[in-house]
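Below is entry05.txt, holding compact mmCIF, C-alpha atoms.
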```
# COMPACT_ATOMS: atom_id res chain seq x y z
CA MET A 1 54.63 -75.87 -22.35
CA THR A 2 52.76 -73.70 -24.83
CA ALA A 3 49.53 -74.87 -26.46
CA PHE A 4 51.37 -75.33 -29.75
CA ALA A 5 54.19 -77.32 -28.17
CA ALA A 6 51.63 -79.52 -26.42
CA LEU A 7 50.26 -80.59 -29.80
CA HIS A 8 53.64 -82.26 -30.41
CA HIS A 9 53.49 -84.36 -27.25
CA ARG A 10 50.47 -86.60 -27.78
CA PRO A 11 51.78 -90.17 -28.14
CA GLY A 12 50.10 -91.91 -31.06
CA GLU A 13 48.39 -88.71 -32.23
CA PRO A 14 50.80 -86.60 -34.29
CA LEU A 15 49.98 -83.02 -35.18
CA LEU A 16 48.83 -82.93 -38.81
CA LEU A 17 49.91 -79.49 -39.97
CA PRO A 18 48.39 -78.20 -43.23
CA ASN A 19 50.23 -75.35 -44.89
CA ALA A 20 48.50 -72.23 -46.20
CA TRP A 21 49.73 -69.51 -48.55
CA ASP A 22 47.17 -66.72 -48.03
CA HIS A 23 44.32 -65.69 -45.77
CA ALA A 24 41.61 -67.59 -47.64
CA SER A 25 43.48 -70.91 -47.62
CA ALA A 26 44.25 -70.56 -43.90
CA ALA A 27 40.68 -69.58 -43.04
CA ALA A 28 39.22 -72.44 -45.07
CA LEU A 29 41.50 -74.93 -43.29
CA ALA A 30 40.64 -73.48 -39.90
CA GLY A 31 36.99 -73.92 -40.82
CA GLN A 32 37.63 -77.65 -41.10
CA GLY A 33 38.83 -77.81 -37.52
CA PHE A 34 42.62 -77.61 -37.89
CA ALA A 35 43.83 -76.08 -34.64
CA ALA A 36 47.26 -75.21 -36.04
CA ILE A 37 48.26 -74.12 -39.53
CA GLY A 38 51.68 -73.55 -41.05
CA THR A 39 52.71 -71.51 -44.05
CA THR A 40 54.43 -72.88 -47.13
CA SER A 41 57.42 -70.94 -48.40
CA LEU A 42 56.89 -72.29 -51.93
CA GLY A 43 53.27 -71.18 -51.98
CA VAL A 44 54.10 -67.73 -50.60
CA ALA A 45 56.93 -67.29 -53.10
CA ALA A 46 55.08 -68.63 -56.14
CA ALA A 47 51.96 -66.59 -55.41
CA ALA A 48 54.13 -63.45 -55.36
CA GLY A 49 56.06 -64.43 -58.50
CA LEU A 50 59.29 -64.90 -56.56
CA PRO A 51 61.72 -67.82 -56.28
CA ASP A 52 61.59 -70.05 -53.21
CA GLY A 53 64.49 -70.74 -50.91
CA VAL A 54 66.68 -67.79 -51.90
CA ALA A 55 65.72 -65.31 -49.15
CA ALA A 56 63.51 -63.33 -51.54
CA THR A 57 60.26 -63.47 -49.57
CA ARG A 58 61.00 -61.92 -46.18
CA GLY A 59 58.53 -59.10 -46.81
CA GLU A 60 55.81 -61.39 -48.14
CA THR A 61 56.29 -63.75 -45.19
CA LEU A 62 55.86 -60.93 -42.69
CA ARG A 63 52.81 -59.59 -44.51
CA LEU A 64 51.21 -63.02 -44.44
CA ALA A 65 51.97 -63.42 -40.73
CA ARG A 66 50.37 -60.03 -40.13
CA ARG A 67 47.20 -61.27 -41.85
CA LEU A 68 47.12 -64.67 -40.16
CA GLY A 69 48.50 -64.00 -36.70
CA ARG A 70 46.20 -63.90 -33.67
CA GLY A 71 43.47 -65.68 -35.58
CA ARG A 72 41.46 -68.62 -34.27
CA PHE A 73 44.24 -71.06 -35.08
CA LEU A 74 47.85 -71.42 -33.99
CA LEU A 75 50.26 -70.16 -36.65
CA SER A 76 53.68 -71.57 -37.50
CA VAL A 77 55.67 -69.69 -40.15
CA ASP A 78 58.10 -71.15 -42.66
CA VAL A 79 61.02 -68.71 -42.73
CA GLU A 80 63.31 -70.70 -45.05
CA SER A 81 66.79 -70.30 -43.51
CA GLY A 82 65.78 -67.13 -41.68
CA PHE A 83 66.49 -64.88 -44.70
CA SER A 84 69.97 -64.25 -43.28
CA ASP A 85 73.08 -66.00 -42.00
CA ASP A 86 73.40 -63.44 -39.21
CA PRO A 87 71.88 -65.02 -36.07
CA SER A 88 70.94 -61.62 -34.65
CA GLU A 89 68.96 -60.77 -37.81
CA VAL A 90 67.17 -64.12 -37.66
CA ALA A 91 66.37 -63.47 -34.00
CA ASP A 92 64.97 -60.02 -34.87
CA LEU A 93 62.74 -61.66 -37.48
CA ALA A 94 61.52 -64.18 -34.89
CA VAL A 95 60.72 -61.38 -32.44
CA GLU A 96 58.68 -59.59 -35.11
CA LEU A 97 56.82 -62.76 -36.08
CA ALA A 98 55.99 -63.48 -32.44
CA SER A 99 54.68 -59.93 -32.04
CA LEU A 100 52.35 -60.62 -34.97
CA GLY A 101 50.98 -63.75 -33.30
CA ALA A 102 53.13 -66.57 -34.66
CA VAL A 103 53.72 -69.38 -32.16
CA GLY A 104 56.32 -71.30 -34.15
CA ILE A 105 58.78 -71.11 -37.02
CA ASN A 106 60.32 -73.62 -39.38
CA LEU A 107 64.03 -72.91 -39.84
CA GLU A 108 66.00 -74.89 -42.44
CA ASP A 109 69.69 -75.51 -43.03
CA GLY A 110 69.43 -75.91 -46.81
CA ARG A 111 70.87 -73.06 -48.88
CA ALA A 112 69.96 -71.51 -52.21
CA ASP A 113 72.96 -73.13 -53.87
CA ASP A 114 71.73 -76.59 -52.83
CA THR A 115 74.34 -76.98 -50.12
CA LEU A 116 73.89 -77.33 -46.38
CA ALA A 117 74.78 -74.49 -44.05
CA PRO A 118 77.59 -75.23 -41.61
CA VAL A 119 76.20 -76.87 -38.51
CA ALA A 120 77.56 -74.12 -36.27
CA VAL A 121 75.83 -71.41 -38.31
CA HIS A 122 72.42 -73.04 -38.14
CA ALA A 123 72.83 -73.91 -34.46
CA ALA A 124 73.72 -70.28 -33.73
CA LYS A 125 70.50 -69.13 -35.44
CA ILE A 126 68.44 -71.52 -33.32
CA ALA A 127 70.15 -70.42 -30.11
CA ALA A 128 69.65 -66.74 -30.97
CA VAL A 129 65.95 -67.22 -31.65
CA LYS A 130 65.39 -69.17 -28.43
CA ALA A 131 67.25 -66.54 -26.43
CA ALA A 132 65.15 -63.74 -27.95
CA VAL A 133 61.75 -65.51 -27.92
CA PRO A 134 61.88 -68.50 -25.55
CA ASP A 135 58.24 -69.49 -26.11
CA LEU A 136 58.47 -69.57 -29.90
CA PHE A 137 58.52 -73.19 -31.09
CA VAL A 138 61.58 -73.66 -33.29
CA ASN A 139 61.24 -76.57 -35.70
CA ALA A 140 64.81 -77.12 -36.92
CA ARG A 141 64.85 -78.62 -40.39
CA THR A 142 67.76 -80.41 -41.99
CA ASP A 143 67.83 -81.05 -45.72
CA THR A 144 70.30 -83.93 -45.62
CA HIS A 145 67.80 -86.23 -47.36
CA TRP A 146 66.92 -83.65 -50.01
CA LEU A 147 70.33 -82.41 -51.08
CA GLY A 148 72.00 -85.63 -52.13
CA VAL A 149 74.15 -86.26 -49.07
CA THR A 150 75.85 -89.63 -49.48
CA ASP A 151 74.74 -91.89 -46.63
CA PRO A 152 72.65 -89.13 -45.00
CA GLY A 153 72.00 -91.00 -41.74
CA PRO A 154 75.20 -90.05 -39.84
CA GLU A 155 75.11 -86.44 -41.08
CA THR A 156 71.44 -86.17 -40.09
CA ASP A 157 72.25 -87.43 -36.59
CA ARG A 158 75.18 -85.02 -36.26
CA ARG A 159 73.11 -82.03 -37.29
CA LEU A 160 70.07 -82.88 -35.23
CA ALA A 161 72.20 -83.42 -32.13
CA ALA A 162 73.66 -79.93 -32.54
CA TYR A 163 70.27 -78.37 -33.20
CA GLN A 164 68.77 -80.00 -30.11
CA GLN A 165 71.72 -78.77 -28.05
CA ALA A 166 71.12 -75.26 -29.39
CA GLY A 167 67.54 -75.34 -28.10
CA ALA A 168 65.38 -76.58 -30.98
CA ASP A 169 61.91 -77.60 -29.78
CA GLY A 170 61.45 -80.06 -32.63
CA VAL A 171 63.32 -81.33 -35.67
CA PHE A 172 62.18 -81.81 -39.25
CA VAL A 173 63.69 -84.22 -41.79
CA PRO A 174 61.88 -83.81 -45.13
CA GLY A 175 62.63 -86.59 -47.59
CA LEU A 176 63.01 -89.26 -44.93
CA ALA A 177 60.45 -91.91 -45.89
CA ASP A 178 61.80 -95.33 -44.92
CA PRO A 179 59.67 -96.59 -42.00
CA ALA A 180 62.54 -98.35 -40.24
CA ALA A 181 64.77 -95.28 -40.48
CA ILE A 182 61.97 -93.01 -39.24
CA GLU A 183 61.30 -95.22 -36.24
CA ALA A 184 64.99 -95.50 -35.37
CA LEU A 185 65.49 -91.74 -35.60
CA ALA A 186 62.41 -90.98 -33.49
CA GLY A 187 63.76 -93.29 -30.82
CA ARG A 188 67.11 -91.48 -30.69
CA LEU A 189 65.69 -87.98 -30.39
CA ALA A 190 64.97 -86.00 -27.24
CA VAL A 191 62.54 -83.68 -29.09
CA PRO A 192 59.53 -84.30 -31.38
CA LEU A 193 60.19 -85.53 -34.92
CA ASN A 194 58.46 -83.87 -37.88
CA ILE A 195 58.10 -85.77 -41.17
CA LEU A 196 56.87 -84.36 -44.49
CA TYR A 197 53.83 -86.23 -45.75
CA ASN A 198 54.45 -88.08 -48.99
CA PRO A 199 51.45 -89.58 -50.81
CA ALA A 200 53.70 -92.51 -51.77
CA GLY A 201 55.01 -92.96 -48.23
CA PRO A 202 53.54 -94.09 -44.90
CA PRO A 203 50.14 -92.58 -44.04
CA PRO A 204 49.77 -90.46 -40.89
CA ALA A 205 48.46 -93.39 -38.83
CA ARG A 206 51.55 -95.43 -39.69
CA LEU A 207 53.83 -92.45 -38.97
CA ALA A 208 52.18 -92.20 -35.56
CA ASP A 209 53.07 -95.83 -34.87
CA LEU A 210 56.68 -95.04 -35.84
CA GLY A 211 56.92 -92.29 -33.22
CA VAL A 212 56.42 -89.24 -35.43
CA ALA A 213 55.04 -86.24 -33.53
CA ARG A 214 54.21 -83.91 -36.42
CA VAL A 215 53.25 -84.50 -40.05
CA SER A 216 53.51 -81.49 -42.36
CA LEU A 217 51.83 -81.18 -45.73
CA GLY A 218 54.35 -78.63 -47.01
CA SER A 219 53.59 -77.31 -50.47
CA LEU A 220 51.23 -80.18 -51.33
CA LEU A 221 48.02 -78.20 -50.88
CA TYR A 222 49.26 -75.27 -52.94
CA ARG A 223 50.38 -77.54 -55.75
CA ALA A 224 47.07 -79.44 -55.60
CA ALA A 225 45.15 -76.16 -55.80
CA LEU A 226 47.13 -75.11 -58.86
CA ALA A 227 46.48 -78.46 -60.50
CA ALA A 228 42.75 -78.26 -59.78
CA ALA A 229 42.52 -74.73 -61.18
CA VAL A 230 44.29 -75.64 -64.39
CA GLN A 231 42.37 -78.91 -64.82
CA THR A 232 39.06 -77.09 -64.38
CA ALA A 233 39.95 -74.38 -66.89
CA VAL A 234 41.10 -76.95 -69.44
CA ALA A 235 37.96 -79.04 -68.93
CA VAL A 236 35.73 -76.02 -69.50
CA ARG A 237 37.73 -75.00 -72.57
CA ASP A 238 37.51 -78.50 -73.99
CA GLY A 239 33.81 -78.90 -73.28
CA ALA A 240 34.22 -81.58 -70.64
CA ALA A 241 32.57 -81.70 -67.26
CA GLY A 242 34.50 -79.77 -64.61
CA PRO A 243 36.65 -82.24 -62.69
CA MET A 244 35.64 -80.68 -59.36
CA ALA A 245 31.91 -80.42 -59.96
CA GLY A 246 30.07 -80.61 -56.66
CA ALA A 247 33.19 -79.95 -54.60
CA VAL A 248 33.73 -76.27 -55.41
CA PRO A 249 32.72 -73.92 -52.57
CA ALA A 250 29.97 -71.46 -53.37
CA TYR A 251 30.71 -67.78 -53.94
CA GLY A 252 29.15 -66.78 -50.64
CA GLU A 253 31.17 -69.34 -48.72
CA VAL A 254 34.44 -67.98 -50.06
CA ALA A 255 33.31 -64.36 -49.69
CA GLY A 256 32.72 -65.11 -46.00
CA LEU A 257 36.37 -65.99 -45.46
CA HIS A 258 37.40 -62.36 -45.07
CA ARG A 259 38.96 -61.54 -41.72
CA ASP A 260 35.84 -59.98 -40.23
CA GLY A 261 33.84 -63.02 -41.24
CA VAL A 262 36.12 -65.68 -39.78
```
Could the structure of this file be written out as structure tokens, please?
Amino acid sequence: MTAFAALHHRPGEPLLLPNAWDHASAAALAGQGFAAIGTTSLGVAAAAGLPDGVAATRGETLRLARRLGRGRFLLSVDVESGFSDDPSEVADLAVELASLGAVGINLEDGRADDTLAPVAVHAAKIAAVKAAVPDLFVNARTDTHWLGVTDPGPETDRRLAAYQQAGADGVFVPGLADPAAIEALAGRLAVPLNILYNPAGPPPARLADLGVARVSLGSLLYRAALAAAVQTAVAVRDGAAGPMAGAVPAYGEVAGLHRDGV
């Protein structure tokens, strides 16, 4: 078991995975003791002025992995749906990411047209990645709860069974928030369950009690950073006190986040 995989097998202590969008955000999170950090496809896309989820950010994703890989934290990369429906191309991407230091990927079955990929297509991608890079942790995501599937429970089970059979190391069901449903699903799985943190949903401690092995923050940090930046600018413009007074890192602290300084 790799060090990253082991973080998913600590009963009662799920991996809390924050998601970064550039070097500074990843370095700042690592400075707070997070042993593993993911990337957020929304943050990477938005920062580059590109749409998310439409296979437009393959280059940006690789460039970010090149900056973050082999750092002092374990790196998992959000690759959307692999930027291709050709399993061999997705496997080639995984090989390149692993060579840059990534220890895991997040691979989703949602498509740009808000439909779900055929189960066989996504399972083939997972199998191809695991055959090419056996030690790379594949977190297989299904968007059944995000794309309006009627009665998503049975379809979620069907997809996750196929993804586990294909070799997924973990499964991710964003949008699943009902505690009873989370607990029941965790009990049926043979691999770790990843849940997306929702401020209105169960807190991490409760998710741990329900059997969740990994809690991802997704795009939350990026969106919070945008909100804080805009709120601060508006407050200064309007003559009000900055809403983050006392919490903003000093210039020197941020300047020290360059790669040679981390």
Point-to-point distance in Å for CA of Pro14 (chain A) and CA of Arg214 (chain A): 4.8 Å
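Considering only C-alpha atoms, the residue among A:Pro204, A:His145, A:Leu107, A:Gly211 positioned nearest to Tyr163 (chain A) is A:Leu107.
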Skipping near chain neighbours, those fewer than 2 positions away, what residues fall within 10 Å of Arg72 (chain A) using only C-alpha atoms, listed as a list of chain:residue names? A:Ala27, A:Ala30, A:Gly31, A:Phe34, A:Ala35, A:Ala36, A:Leu68, A:Gly69, A:Arg70, A:Leu74, A:Leu75, A:Val262
Glu89 (chain A): which residues within 12 Å, counting only C-alpha atoms, same-chain residues fewer than 6 positions away excluded, as a ChimeraX atom specification? /A:58,81-83,95-96,124-126,128-129,132
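Using only C-alpha atoms for every distance, the candidate list A:Ala200, A:Asp52, A:Ala24, A:Asp157 yields A:Asp157 as the residue closest to Gly187 (chain A).
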Provide the CA of Ile182 (chain A) to CA of Gly148 (chain A) distance in Å, to one decimal place.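 If I compute the distance from CA of Ile182 (chain A) to CA of Gly148 (chain A), I get 17.9 Å.
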Please enclose the listed atoms of region 14-29 of chain A in an axis-aligned box, pad each side by 5 Å, and write out the centre and the three edge lengths in Å, rounded to one decimal, as JSON.
```
{"center_x": 45.0, "center_y": -76.1, "center_z": -41.4, "size_x": 21.6, "size_y": 30.9, "size_z": 24.3}
```
Can you work out the spacing between CA of Pro202 (chain A) and CA of Leu176 (chain A) in Å, to one decimal?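 Between CA of Pro202 (chain A) and CA of Leu176 (chain A) the gap is 10.6 Å.
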Find the residue from A:Glu13, A:Glu108, A:Asp85, A:Glu183 that sits nearest to Val171 (chain A); use all atoms listed in the file when measuring. A:Glu108
Contacts of Leu64 (chain A) at 8 Å (only C-alpha atoms; same-chain gap of 2+ positions) as a VMD selection string: chain A and resid 21 to 23 60 to 62 66 to 68
Have a look at A:Ala247, A:Ala131, A:Leu196, A:Val90 and name the one nearest to Gly167 (chain A); count all atoms listed in the file.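 For Gly167 (chain A), the nearest of the candidates is A:Ala131.
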Given all atoms listed in the file as the counted atoms, nearest of A:Pro51, A:Gly38, A:Pro154, A:Pro192 to Ile105 (chain A):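 Comparing A:Pro51, A:Gly38, A:Pro154, A:Pro192 against Ile105 (chain A), the winner is A:Gly38.
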Residues within 12 Å of Tyr222 (chain A), please, as a PDB file with C-alpha atoms, keeping the file's coordinate frame. Count all atoms listed in the file; anything in the same chain fewer than 5 positions from it doesn't count.
```pdb
ATOM      1  CA  PRO A  18      48.390 -78.200 -43.230  1.00  0.00           C
ATOM      2  CA  ASN A  19      50.230 -75.350 -44.890  1.00  0.00           C
ATOM      3  CA  ALA A  20      48.500 -72.230 -46.200  1.00  0.00           C
ATOM      4  CA  TRP A  21      49.730 -69.510 -48.550  1.00  0.00           C
ATOM      5  CA  ASP A  22      47.170 -66.720 -48.030  1.00  0.00           C
ATOM      6  CA  SER A  25      43.480 -70.910 -47.620  1.00  0.00           C
ATOM      7  CA  ALA A  26      44.250 -70.560 -43.900  1.00  0.00           C
ATOM      8  CA  THR A  39      52.710 -71.510 -44.050  1.00  0.00           C
ATOM      9  CA  THR A  40      54.430 -72.880 -47.130  1.00  0.00           C
ATOM     10  CA  SER A  41      57.420 -70.940 -48.400  1.00  0.00           C
ATOM     11  CA  LEU A  42      56.890 -72.290 -51.930  1.00  0.00           C
ATOM     12  CA  GLY A  43      53.270 -71.180 -51.980  1.00  0.00           C
ATOM     13  CA  VAL A  44      54.100 -67.730 -50.600  1.00  0.00           C
ATOM     14  CA  ALA A  45      56.930 -67.290 -53.100  1.00  0.00           C
ATOM     15  CA  ALA A  46      55.080 -68.630 -56.140  1.00  0.00           C
ATOM     16  CA  ALA A  47      51.960 -66.590 -55.410  1.00  0.00           C
ATOM     17  CA  LEU A 217      51.830 -81.180 -45.730  1.00  0.00           C
ATOM     18  CA  ALA A 227      46.480 -78.460 -60.500  1.00  0.00           C
ATOM     19  CA  ALA A 228      42.750 -78.260 -59.780  1.00  0.00           C
ATOM     20  CA  ALA A 229      42.520 -74.730 -61.180  1.00  0.00           C
TER      21      ALA A 229
END
```
Which residues are near region 134-138 of chain A? Cut-off 7 Å, all atoms listed in the file, ignore same chain within fewer than 5 positions. Put them as a PyMOL selection string. chain A and resi 5+103-106+168-170
Which residue, A:Ala233, A:Ala127, A:Val54, A:Ile195, has the smallest gap to Gly110 (chain A) when you use all atoms listed in the file? A:Val54
List as CSV every residue of region 187-237 of chain A that is in contact with region 6-10 of chain A, defined as an atom at most 12 Å from one of its atoms (using only C-alpha atoms), together with the nearest atom pair and the distance in Å rounded to one decimal, sorted by chain and then rising number.
```
residue,atom,partner,partner_atom,distance
A:Ala190,CA,A:His9,CA,11.6
A:Val191,CA,A:His8,CA,9.1
A:Pro192,CA,A:His8,CA,6.3
A:Leu193,CA,A:His8,CA,8.6
A:Asn194,CA,A:His8,CA,9.0
A:Ala208,CA,A:Arg10,CA,9.7
A:Asp209,CA,A:Arg10,CA,11.9
A:Gly211,CA,A:Arg10,CA,10.2
A:Val212,CA,A:His8,CA,9.0
A:Ala213,CA,A:His8,CA,5.2
A:Arg214,CA,A:His8,CA,6.3
A:Val215,CA,A:His8,CA,9.9
A:Ser216,CA,A:His8,CA,12.0
```
Starting from the incomplete input, reconstruct N, CA, C and O atoms of region 225-238 of chain A and report them as a tab-separated table (two decimals), in the frame of the given file.
```
chain	number	residue	atom	x	y	z
A	225	ALA	N	46.07	-77.23	-55.40
A	225	ALA	CA	45.15	-76.16	-55.80
A	225	ALA	C	45.46	-75.66	-57.20
A	225	ALA	O	44.55	-75.41	-58.01
A	226	LEU	N	46.74	-75.51	-57.51
A	226	LEU	CA	47.13	-75.11	-58.86
A	226	LEU	C	46.66	-76.13	-59.89
A	226	LEU	O	46.12	-75.78	-60.95
A	227	ALA	N	46.88	-77.40	-59.57
A	227	ALA	CA	46.48	-78.46	-60.50
A	227	ALA	C	44.98	-78.44	-60.73
A	227	ALA	O	44.51	-78.56	-61.87
A	228	ALA	N	44.21	-78.27	-59.65
A	228	ALA	CA	42.75	-78.26	-59.78
A	228	ALA	C	42.28	-77.08	-60.61
A	228	ALA	O	41.36	-77.20	-61.44
A	229	ALA	N	42.90	-75.92	-60.41
A	229	ALA	CA	42.52	-74.73	-61.18
A	229	ALA	C	42.77	-74.93	-62.67
A	229	ALA	O	41.90	-74.64	-63.51
A	230	VAL	N	43.95	-75.43	-62.98
A	230	VAL	CA	44.29	-75.64	-64.39
A	230	VAL	C	43.41	-76.72	-65.01
A	230	VAL	O	42.91	-76.58	-66.14
A	231	GLN	N	43.20	-77.82	-64.30
A	231	GLN	CA	42.37	-78.91	-64.82
A	231	GLN	C	40.94	-78.43	-65.09
A	231	GLN	O	40.33	-78.81	-66.10
A	232	THR	N	40.42	-77.59	-64.19
A	232	THR	CA	39.06	-77.09	-64.38
A	232	THR	C	38.98	-76.18	-65.60
A	232	THR	O	38.05	-76.29	-66.42
A	233	ALA	N	39.95	-75.28	-65.73
A	233	ALA	CA	39.95	-74.38	-66.89
A	233	ALA	C	40.07	-75.16	-68.19
A	233	ALA	O	39.37	-74.86	-69.18
A	234	VAL	N	40.93	-76.15	-68.23
A	234	VAL	CA	41.10	-76.95	-69.44
A	234	VAL	C	39.84	-77.74	-69.76
A	234	VAL	O	39.43	-77.86	-70.92
A	235	ALA	N	39.19	-78.28	-68.70
A	235	ALA	CA	37.96	-79.04	-68.93
A	235	ALA	C	36.86	-78.17	-69.51
A	235	ALA	O	36.14	-78.58	-70.43
A	236	VAL	N	36.74	-76.95	-68.98
A	236	VAL	CA	35.73	-76.02	-69.50
A	236	VAL	C	36.07	-75.65	-70.94
A	236	VAL	O	35.19	-75.64	-71.82
A	237	ARG	N	37.31	-75.35	-71.21
A	237	ARG	CA	37.73	-75.00	-72.57
A	237	ARG	C	37.44	-76.12	-73.55
A	237	ARG	O	37.00	-75.88	-74.69
A	238	ASP	N	37.66	-77.36	-73.10
A	238	ASP	CA	37.51	-78.50	-73.99
A	238	ASP	C	36.10	-79.09	-74.00
A	238	ASP	O	35.86	-80.13	-74.63
```
